[in-house]
$ cat model-v2.txt   # compact mmCIF, C-alpha atoms
# COMPACT_ATOMS: atom_id res chain seq x y z
CA MET U 109 0.00 0.00 0.00
CA LYS U 110 1.39 3.40 -1.07
CA VAL U 111 1.98 5.98 1.67
CA PRO U 112 0.21 9.34 0.86
CA ALA U 113 2.63 12.01 -0.38
CA LEU U 114 1.88 14.47 2.49
CA ALA U 115 2.36 11.83 5.16
CA ARG U 116 5.51 10.67 3.52
CA ALA U 117 6.91 14.21 3.47
CA ALA U 118 6.02 14.73 7.13
CA VAL U 119 7.81 11.57 8.22
CA LEU U 120 10.85 12.49 6.22
CA ALA U 121 10.99 15.96 7.76
CA ALA U 122 10.67 14.56 11.27
CA ALA U 123 13.42 12.07 10.64
CA THR U 124 15.94 14.55 9.29
CA THR U 125 18.28 14.14 12.26
CA LEU U 126 18.15 10.38 11.99
CA VAL U 127 19.18 10.22 8.38
CA ALA U 128 21.86 12.91 8.40
CA GLY U 129 25.00 11.78 6.61
CA LEU U 130 23.30 9.31 4.27
CA ALA U 131 25.40 7.36 1.84
CA ILE U 132 27.98 9.17 -0.25
CA ALA U 133 27.18 9.44 -3.96
CA GLN U 134 28.63 6.87 -6.35
CA THR U 135 31.38 9.29 -7.45
CA THR U 136 32.34 12.01 -5.00
CA PRO U 137 35.15 14.59 -5.12
CA ALA U 138 37.75 13.56 -2.56
CA PRO U 139 39.63 15.97 -0.33
CA ARG U 140 43.37 16.21 -0.81
CA THR U 141 46.38 17.56 0.99
CA ALA U 142 46.60 21.31 0.56
CA LEU U 143 49.77 22.71 -0.97
CA PRO U 144 50.71 26.23 -1.98
CA ALA U 145 49.43 27.16 -5.42
CA ALA U 146 51.86 26.03 -8.10
CA SER U 147 53.22 28.40 -10.67
CA GLU U 148 52.09 27.98 -14.24
CA SER U 149 53.67 24.85 -15.68
CA LEU U 150 55.75 24.97 -18.83
CA PRO U 151 55.90 22.19 -21.42
CA VAL U 152 58.37 19.44 -20.50
CA PRO U 153 61.35 19.49 -22.87
CA PRO U 154 62.31 16.27 -24.67
CA PRO U 155 64.26 13.72 -22.63
CA PRO U 156 68.01 13.38 -23.23
CA LYS U 157 69.29 11.41 -26.20
CA ILE U 158 70.14 7.88 -25.09
CA THR U 159 72.68 5.53 -26.64
CA GLY U 160 71.17 2.08 -26.74
CA THR U 161 68.59 -0.23 -28.24
CA ALA U 162 65.82 0.51 -25.73
CA TRP U 163 65.29 2.59 -22.62
CA VAL U 164 62.60 3.75 -20.20
CA LEU U 165 62.13 6.07 -17.25
CA MET U 166 59.41 5.05 -14.79
CA ASP U 167 57.77 6.68 -11.79
CA ALA U 168 58.06 4.12 -8.99
CA ALA U 169 55.00 5.39 -7.11
CA SER U 170 52.51 4.69 -9.90
CA GLY U 171 54.41 2.57 -12.41
CA ASN U 172 53.69 5.19 -15.08
CA VAL U 173 56.21 5.59 -17.90
CA LEU U 174 57.55 9.14 -18.02
CA ALA U 175 59.61 8.63 -21.17
CA GLY U 176 61.04 5.81 -23.23
CA GLU U 177 61.94 4.33 -26.58
CA ASN U 178 61.46 0.76 -27.81
CA TYR U 179 60.67 -0.12 -24.21
CA ASP U 180 58.37 -3.04 -25.09
CA GLN U 181 60.90 -4.64 -27.46
CA ARG U 182 62.05 -8.08 -26.32
CA LEU U 183 65.78 -8.11 -25.69
CA GLU U 184 68.37 -10.10 -23.77
CA PRO U 185 68.54 -8.67 -20.24
CA ALA U 186 71.97 -10.12 -19.34
CA SER U 187 72.71 -9.96 -15.60
CA ILE U 188 69.76 -7.70 -14.84
CA THR U 189 68.12 -11.14 -14.75
CA LYS U 190 69.55 -11.48 -11.25
CA VAL U 191 67.02 -8.91 -9.98
CA MET U 192 64.37 -11.52 -10.73
CA THR U 193 66.51 -14.13 -8.98
CA SER U 194 66.69 -11.85 -5.93
CA TYR U 195 62.93 -11.35 -6.03
CA VAL U 196 62.24 -15.09 -6.06
CA ILE U 197 64.66 -15.73 -3.19
CA ALA U 198 63.07 -12.93 -1.13
CA ALA U 199 59.57 -14.25 -1.85
CA GLU U 200 60.50 -17.80 -0.94
CA MET U 201 62.17 -16.54 2.23
CA ALA U 202 59.06 -14.57 3.16
CA ALA U 203 57.07 -17.77 2.69
CA GLY U 204 59.38 -19.57 5.12
CA LYS U 205 60.77 -21.97 2.52
CA VAL U 206 64.39 -20.82 2.88
CA LYS U 207 66.26 -18.88 5.56
CA PRO U 208 69.10 -16.32 5.51
CA ASP U 209 71.39 -18.68 7.45
CA ASP U 210 70.75 -21.71 5.22
CA GLN U 211 74.04 -23.30 4.17
CA VAL U 212 74.17 -23.13 0.37
CA MET U 213 76.51 -25.48 -1.47
CA MET U 214 78.69 -24.14 -4.27
CA THR U 215 78.20 -27.19 -6.44
CA GLU U 216 80.50 -28.33 -9.21
CA ASN U 217 77.75 -27.49 -11.69
CA ALA U 218 77.49 -23.91 -10.41
CA TRP U 219 81.27 -23.52 -10.40
CA ARG U 220 81.69 -25.04 -13.86
CA ILE U 221 79.02 -22.87 -15.53
CA GLY U 222 79.50 -19.64 -13.59
CA GLY U 223 82.82 -19.82 -11.76
CA ALA U 224 86.23 -18.24 -12.24
CA GLY U 225 87.05 -20.41 -15.25
CA THR U 226 84.28 -18.82 -17.32
CA ASP U 227 84.11 -15.55 -19.22
CA GLY U 228 81.33 -14.17 -17.04
CA SER U 229 81.34 -12.51 -13.63
CA TYR U 230 81.80 -14.74 -10.60
CA SER U 231 81.75 -14.44 -6.81
CA GLY U 232 84.57 -16.76 -5.83
CA PHE U 233 82.92 -19.07 -3.28
CA GLU U 234 84.88 -22.32 -3.04
CA VAL U 235 83.56 -25.30 -4.95
CA ASN U 236 82.01 -28.12 -2.90
CA LYS U 237 81.86 -25.89 0.17
CA THR U 238 78.92 -24.07 1.73
CA ALA U 239 78.26 -20.47 2.68
CA PRO U 240 75.26 -18.81 4.34
CA LEU U 241 72.47 -17.99 1.89
CA LEU U 242 72.65 -14.28 2.74
CA GLU U 243 76.37 -14.14 1.96
CA MET U 244 75.84 -16.05 -1.28
CA GLU U 245 73.06 -13.66 -2.26
CA LYS U 246 75.26 -10.62 -1.68
CA GLY U 247 77.90 -12.26 -3.83
CA MET U 248 75.31 -12.55 -6.58
CA VAL U 249 73.93 -9.03 -6.17
CA VAL U 250 77.10 -6.99 -5.59
CA GLN U 251 79.61 -9.00 -7.61
CA SER U 252 77.02 -10.23 -10.14
CA GLY U 253 78.32 -13.73 -9.49
CA ASN U 254 76.91 -16.26 -11.94
CA ASP U 255 78.23 -19.06 -9.76
CA ALA U 256 76.32 -17.70 -6.75
CA ALA U 257 73.12 -17.31 -8.78
CA ILE U 258 73.26 -20.93 -9.92
CA ALA U 259 74.07 -22.25 -6.44
CA LEU U 260 71.19 -20.26 -4.95
CA ALA U 261 68.79 -21.49 -7.62
CA GLU U 262 69.77 -25.10 -6.94
CA HIS U 263 69.31 -24.60 -3.21
CA VAL U 264 65.89 -22.95 -3.53
CA ALA U 265 64.36 -25.15 -6.23
CA GLY U 266 66.62 -28.18 -6.71
CA SER U 267 67.76 -27.21 -10.23
CA THR U 268 68.11 -24.14 -12.40
CA ASP U 269 65.26 -25.37 -14.62
CA ALA U 270 62.90 -25.63 -11.68
CA PHE U 271 64.05 -22.24 -10.44
CA ALA U 272 63.40 -20.70 -13.87
CA ALA U 273 59.84 -22.02 -13.64
CA LEU U 274 59.50 -20.19 -10.33
CA MET U 275 60.91 -17.05 -11.93
CA ASN U 276 58.25 -17.16 -14.63
CA GLN U 277 55.47 -17.73 -12.10
CA TYR U 278 56.53 -14.72 -10.06
CA ALA U 279 56.98 -12.67 -13.24
CA GLN U 280 53.34 -13.31 -14.10
CA ARG U 281 52.29 -12.31 -10.61
CA ILE U 282 54.19 -9.02 -10.91
CA GLY U 283 52.63 -8.38 -14.31
CA LEU U 284 55.59 -8.81 -16.65
CA LYS U 285 53.91 -9.39 -20.01
CA ASN U 286 56.88 -9.64 -22.37
CA THR U 287 59.35 -11.61 -20.27
CA HIS U 288 60.48 -15.22 -20.23
CA TRP U 289 63.28 -16.58 -18.05
CA VAL U 290 65.39 -19.63 -18.83
CA ASN U 291 68.13 -19.31 -16.19
CA PRO U 292 68.89 -17.34 -12.99
CA THR U 293 72.07 -15.71 -14.33
CA GLY U 294 71.21 -13.88 -17.54
CA LEU U 295 73.73 -15.86 -19.58
CA SER U 296 72.63 -15.84 -23.21
CA ALA U 297 70.06 -18.53 -24.03
CA PRO U 298 67.24 -19.00 -26.55
CA GLU U 299 63.89 -17.76 -25.24
CA HIS U 300 65.50 -15.81 -22.40
CA TYR U 301 64.24 -12.27 -22.85
CA SER U 302 62.61 -9.25 -21.27
CA THR U 303 61.92 -5.60 -22.08
CA ALA U 304 63.00 -2.30 -20.61
CA HIS U 305 59.40 -1.74 -19.46
CA ASP U 306 59.10 -5.13 -17.75
CA LEU U 307 62.49 -4.73 -16.09
CA ALA U 308 61.47 -1.36 -14.66
CA LEU U 309 58.29 -2.96 -13.30
CA LEU U 310 60.44 -5.72 -11.78
CA GLY U 311 62.71 -3.18 -10.09
CA ARG U 312 59.65 -1.34 -8.78
CA ALA U 313 58.27 -4.61 -7.37
CA LEU U 314 61.54 -5.46 -5.59
CA VAL U 315 61.69 -1.97 -4.02
CA HIS U 316 58.10 -2.19 -2.83
CA ASP U 317 57.72 -5.84 -1.88
CA TYR U 318 61.14 -6.70 -0.43
CA PRO U 319 63.02 -3.54 0.62
CA VAL U 320 65.59 -5.49 2.64
CA ALA U 321 66.58 -7.59 -0.36
CA TYR U 322 66.62 -4.42 -2.46
CA SER U 323 69.01 -2.74 -0.02
CA TYR U 324 71.82 -5.15 -0.94
CA ASN U 325 72.03 -3.44 -4.34
CA LYS U 326 73.60 -0.30 -2.85
CA ILE U 327 76.55 -2.19 -1.31
CA LYS U 328 79.60 -0.82 -3.12
CA GLU U 329 81.91 -3.80 -2.71
CA PHE U 330 81.87 -7.32 -1.34
CA THR U 331 84.61 -9.74 -0.29
CA VAL U 332 84.62 -13.50 -0.69
CA GLY U 333 87.77 -15.11 0.72
CA PRO U 334 90.75 -13.16 -0.63
CA ILE U 335 88.73 -11.57 -3.47
CA THR U 336 87.14 -8.13 -3.11
CA GLN U 337 85.07 -6.92 -6.03
CA PRO U 338 83.26 -3.59 -6.56
CA ASN U 339 79.65 -3.15 -7.54
CA ARG U 340 79.59 -2.45 -11.29
CA ASN U 341 76.91 0.24 -10.96
CA LEU U 342 79.04 3.37 -11.36
CA LEU U 343 76.18 5.62 -10.28
CA LEU U 344 76.58 4.45 -6.69
CA TRP U 345 79.75 6.56 -6.60
CA ARG U 346 78.44 9.46 -8.68
CA ASP U 347 75.02 10.19 -7.17
CA GLN U 348 74.16 9.78 -3.49
CA SER U 349 70.44 9.47 -4.29
CA VAL U 350 71.09 6.31 -6.35
CA ASP U 351 70.66 3.11 -4.31
CA GLY U 352 70.48 0.45 -7.04
CA ILE U 353 69.80 -1.55 -8.97
CA LYS U 354 71.72 -3.82 -11.36
CA THR U 355 74.08 -3.88 -14.31
CA GLY U 356 74.30 -6.42 -17.12
CA HIS U 357 76.57 -7.16 -20.05
CA HIS U 358 77.39 -9.80 -22.61
CA SER U 359 78.00 -9.71 -26.36
CA GLY U 360 74.36 -10.35 -27.26
CA ALA U 361 72.90 -7.81 -24.85
CA GLY U 362 75.44 -5.02 -24.93
CA TYR U 363 75.78 -2.91 -21.80
CA CYS U 364 72.64 -2.62 -19.68
CA LEU U 365 71.77 -0.79 -16.47
CA MET U 366 68.67 -0.71 -14.30
CA ALA U 367 69.10 2.28 -11.98
CA SER U 368 66.96 3.75 -9.24
CA ALA U 369 67.21 6.91 -7.17
CA LYS U 370 65.11 8.49 -4.44
CA ARG U 371 65.01 12.20 -3.71
CA GLY U 372 62.54 13.16 -0.99
CA ASP U 373 59.32 11.20 -1.54
CA GLN U 374 60.08 10.73 -5.22
CA ARG U 375 61.64 7.55 -6.63
CA LEU U 376 62.43 7.03 -10.29
CA ILE U 377 63.61 3.89 -12.07
CA SER U 378 65.51 3.92 -15.36
CA VAL U 379 66.48 1.04 -17.62
CA VAL U 380 68.99 1.36 -20.47
CA MET U 381 69.57 -1.68 -22.68
CA GLY U 382 72.04 -2.30 -25.49
CA SER U 383 74.40 0.57 -24.66
CA THR U 384 77.97 0.74 -25.98
CA SER U 385 80.05 0.82 -22.80
CA GLU U 386 80.01 0.65 -19.04
CA ASN U 387 80.47 4.42 -18.78
CA GLN U 388 77.91 5.26 -21.48
CA ARG U 389 75.14 3.32 -19.76
CA ALA U 390 75.93 5.16 -16.51
CA VAL U 391 76.05 8.60 -18.16
CA ASP U 392 72.75 8.04 -19.96
CA SER U 393 71.04 6.65 -16.87
CA GLN U 394 72.20 9.64 -14.83
CA ALA U 395 70.88 12.01 -17.50
CA LEU U 396 67.48 10.28 -17.48
CA LEU U 397 67.18 10.41 -13.71
CA ASN U 398 68.19 14.08 -13.56
CA TRP U 399 65.68 14.94 -16.30
CA GLY U 400 62.91 13.12 -14.47
CA PHE U 401 63.60 14.74 -11.11
CA ARG U 402 63.89 18.18 -12.73
CA PHE U 403 60.60 18.17 -14.62
CA PHE U 404 58.37 15.89 -12.52
CA GLU U 405 57.46 15.96 -8.85
CA THR U 406 55.86 13.53 -6.42
CA HIS U 407 53.26 14.54 -3.85
CA LYS U 408 51.71 12.49 -1.09
CA LEU U 409 47.96 13.00 -1.42
CA TYR U 410 46.89 10.68 1.37
CA ASP U 411 48.75 9.02 4.20
CA SER U 412 48.05 5.46 5.23
CA ALA U 413 45.56 4.70 8.01
CA LYS U 414 44.26 8.28 8.06
CA ALA U 415 40.59 8.94 7.32
CA ILE U 416 39.86 10.79 4.09
CA ALA U 417 36.09 10.19 4.10
CA LYS U 418 33.21 8.78 6.13
CA GLN U 419 30.50 6.46 4.86
CA LYS U 420 27.02 5.88 6.24
CA VAL U 421 26.53 2.32 7.54
CA TRP U 422 23.15 0.63 7.85
CA LYS U 423 22.22 -1.97 10.45
CA GLY U 424 25.44 -1.42 12.38
CA ALA U 425 26.32 -0.82 16.02
CA SER U 426 27.87 2.38 14.68
CA ASP U 427 26.30 4.61 12.02
CA GLU U 428 29.43 5.28 10.00
CA VAL U 429 32.79 3.91 8.96
CA GLN U 430 35.98 5.83 8.27
CA LEU U 431 37.60 5.26 4.91
CA GLY U 432 41.26 5.59 3.94
CA VAL U 433 44.08 3.95 2.00
CA ALA U 434 46.15 1.03 3.22
CA GLU U 435 49.38 2.54 1.86
CA PRO U 436 50.37 6.17 1.24
CA LEU U 437 49.01 7.44 -2.08
CA LEU U 438 51.81 9.18 -3.97
CA VAL U 439 51.24 10.88 -7.31
CA THR U 440 53.95 12.01 -9.72
CA VAL U 441 53.06 14.75 -12.19
CA GLN U 442 54.72 17.38 -14.31
CA ARG U 443 56.00 20.19 -12.11
CA GLY U 444 53.40 22.91 -11.66
CA LYS U 445 50.39 20.69 -12.31
CA TYR U 446 49.58 19.61 -8.77
CA ASP U 447 46.65 22.02 -8.54
CA GLN U 448 45.11 20.40 -11.63
CA LEU U 449 44.80 16.95 -10.03
CA LYS U 450 41.22 15.78 -9.53
CA PRO U 451 40.71 13.05 -6.89
CA THR U 452 37.34 11.28 -6.79
CA MET U 453 35.91 8.40 -4.78
CA ASP U 454 33.77 5.56 -6.07
CA VAL U 455 31.83 4.11 -3.13
CA PRO U 456 28.58 2.13 -2.80
CA LYS U 457 25.40 4.08 -2.10
CA GLN U 458 24.39 1.67 0.65
CA LEU U 459 26.75 -0.10 3.00
CA VAL U 460 25.44 -2.72 5.43
CA ALA U 461 27.14 -4.00 8.60
CA PRO U 462 29.05 -6.02 9.58
CA ILE U 463 32.22 -4.45 8.14
CA ALA U 464 35.71 -5.72 8.88
CA LYS U 465 38.66 -3.43 9.46
CA GLY U 466 40.67 -3.32 6.23
CA GLN U 467 37.71 -4.39 4.09
CA LYS U 468 37.71 -2.82 0.64
CA ILE U 469 34.82 -0.38 0.37
CA GLY U 470 35.51 1.47 -2.87
CA THR U 471 38.21 3.19 -4.90
CA VAL U 472 39.93 6.55 -4.91
CA LYS U 473 41.08 7.74 -8.35
CA VAL U 474 43.27 10.69 -9.24
CA THR U 475 43.01 12.14 -12.74
CA LEU U 476 44.97 14.77 -14.64
CA ASP U 477 43.72 16.11 -17.96
CA GLY U 478 41.12 13.35 -17.98
CA LYS U 479 43.69 10.54 -17.53
CA VAL U 480 43.91 8.36 -14.42
CA VAL U 481 47.38 8.87 -12.92
CA ALA U 482 46.82 6.96 -9.66
CA GLN U 483 44.23 4.59 -8.26
CA ARG U 484 44.01 2.83 -4.89
CA PRO U 485 41.40 0.82 -2.96
CA LEU U 486 39.48 2.61 -0.23
CA VAL U 487 39.42 0.45 2.90
CA ALA U 488 37.58 0.54 6.20
CA LEU U 489 39.82 1.97 8.90
CA ASN U 490 37.56 0.66 11.68
CA ALA U 491 35.31 -2.35 12.10
CA VAL U 492 31.55 -1.90 12.40
CA GLU U 493 29.75 -4.73 14.17
CA GLU U 494 26.17 -5.67 13.36
CA GLY U 495 23.63 -3.68 15.37
CA GLY U 496 20.97 -5.09 17.67
CA PHE U 497 17.61 -6.43 16.52
CA PHE U 498 15.68 -3.15 16.77
CA LYS U 499 18.51 -1.17 15.12
CA ARG U 500 18.54 -3.58 12.19
CA LEU U 501 14.75 -3.48 11.95
CA TRP U 502 14.68 0.35 12.03
CA ASP U 503 17.38 0.65 9.37
CA GLU U 504 15.63 -1.98 7.27
CA PHE U 505 12.54 0.26 7.25
CA TRP U 506 14.50 3.34 6.20
CA MET U 507 16.37 1.44 3.49
CA TRP U 508 12.99 0.32 2.15
CA TRP U 509 11.62 3.85 2.43
CA GLU U 510 14.52 5.28 0.40
CA SER U 511 14.06 2.71 -2.30
CA GLU U 512 10.40 3.57 -2.82

$ encode --input "model-v2.txt" --output "structure tokens"
Amino acid sequence: MKVPALARAAVLAAATTLVAGLAIAQTTPAPRTALPAASESLPVPPPPKITGTAWVLMDAASGNVLAGENYDQRLEPASITKVMTSYVIAAEMAAGKVKPDDQVMMTENAWRIGGAGTDGSYSGFEVNKTAPLLEMEKGMVVQSGNDAAIALAEHVAGSTDAFAALMNQYAQRIGLKNTHWVNPTGLSAPEHYSTAHDLALLGRALVHDYPVAYSYNKIKEFTVGPITQPNRNLLLWRDQSVDGIKTGHHSGAGYCLMASAKRGDQRLISVVMGSTSENQRAVDSQALLNWGFRFFETHKLYDSAKAIAKQKVWKGASDEVQLGVAEPLLVTVQRGKYDQLKPTMDVPKQLVAPIAKGQKIGTVKVTLDGKVVAQRPLVALNAVEEGGFFKRLWDEFWMWWESE
């Protein structure tokens, strides 16, 4: 039976205080951190000329490409492969499958394929003897030891083939779409390839997911027995903001460098592939990073675990839930364009208890010139238990009333 219009209006007026703060609209402008007004932005000049087959500069906060050339072309990644090896080891360690103090055997196979008697880089661990996994990993990361990479792969997965299968599984999880691994070293092999874009995404994932493992990349030298070798990333000595990541070289790949630097809240990742020399890859990578930091800036819009909105909750012990982001939301844009960012929230019109802390409620999107530059889930910052019988019944009535 329909309620007469006048009666309906009277009830609604009387209940104004009860229904204050009803559900947020489907798309709502979101507040953001206030900053001083930016000066008018000028067009970004072209990036520096890079010597190499392919290159890319990526914003680590969003994964957006700031500049690049041929960055989706499949190429041999050489020893940058070992960043994937590090990622797998860190992931398996986090899962409790291996430990930093595991004794890793430098097998004859690892020594024969990647040891001192080969043309590639080696760490120098003695054959048929063990060393702690953490030491072996640093030998792989700092010295780019092929022998250490093979020994670690055998320890983690039983064989390099099985380890390569793990590498490909984790690559899919990260979102590497044009990458296929055959070995943990980067030694030239058919069907072992990646792209500058995928490698930048890999570096970003290592920084974000396993910062401790990433930190080994800034170690400038490492000693195994009587042999001390320097890190081949020349930028570690030239730029204090650079803290990684990995070099690579063989005849098929040329000289490659995945570099990363952090200045303030802003982190950039560059990848140069197929360069002509060790110095040229460093010079070009430095030029890319300087260009990126000069013409782009990163701002923290929202901090983690801090409320940026409230949402009406029906049938709950509490009438509202606070919404925020699980991790800080950083946005990198051309300098001077911060005031043009437009954050919006997509949230449901009706939210019903119970709600768990950390439950995804909606999405916050940040756009610039109509393009999404950042997007994160909105999560509940507090739990809302189910209300009592009469509270649920009352809210059920008002939910019905609103739907009429």

$ atom_distance --input "model-v2.txt" --atom1 "CA of Gly204 in chain U" --atom2 "CA of Ala272 in chain U"
19.4 Å

$ atom_distance --input "model-v2.txt" --atom1 "CA of Trp399 in chain U" --atom2 "CA of Met381 in chain U"
18.2 Å

$ closest_residue --input "model-v2.txt" --among "U:Asn490, U:Thr452, U:Thr159, U:Gln483" --to "Gly466 in chain U" --atoms "all atoms listed in the file"
U:Asn490

$ residues_around --input "model-v2.txt" --residues "range 205-209 of chain U" --least-positions-apart "4" --cutoff "6 Å" --atoms "all atoms listed in the file" --output "list in words"
Glu200, Met201, Pro240, Leu241 and Leu242 of chain U

$ residues_near_point --input "model-v2.txt" --point "(50.5, 2.1, -8.5)" --cutoff "7 Å" --atoms "only C-alpha atoms" --output "PDB file with C-alpha atoms, keeping the file's coordinate frame"
ATOM      1  CA  ALA U 169      55.000   5.390  -7.110  1.00  0.00           C
ATOM      2  CA  SER U 170      52.510   4.690  -9.900  1.00  0.00           C
ATOM      3  CA  GLY U 171      54.410   2.570 -12.410  1.00  0.00           C
ATOM      4  CA  ALA U 482      46.820   6.960  -9.660  1.00  0.00           C
ATOM      5  CA  GLN U 483      44.230   4.590  -8.260  1.00  0.00           C
TER       6      GLN U 483
END

$ residues_around --input "model-v2.txt" --residues "Leu376 in chain U" --least-positions-apart "6" --cutoff "8 Å" --atoms "only C-alpha atoms" --output "ChimeraX atom specification"
/U:165-168,368-370,397,400-401

$ closest_residue --input "model-v2.txt" --among "U:Asn325, U:Asn276, U:Thr384, U:Thr475" --to "Leu449 in chain U" --atoms "all atoms listed in the file"
U:Thr475

$ atom_distance --input "model-v2.txt" --atom1 "CA of Tyr410 in chain U" --atom2 "CA of His316 in chain U"
17.6 Å
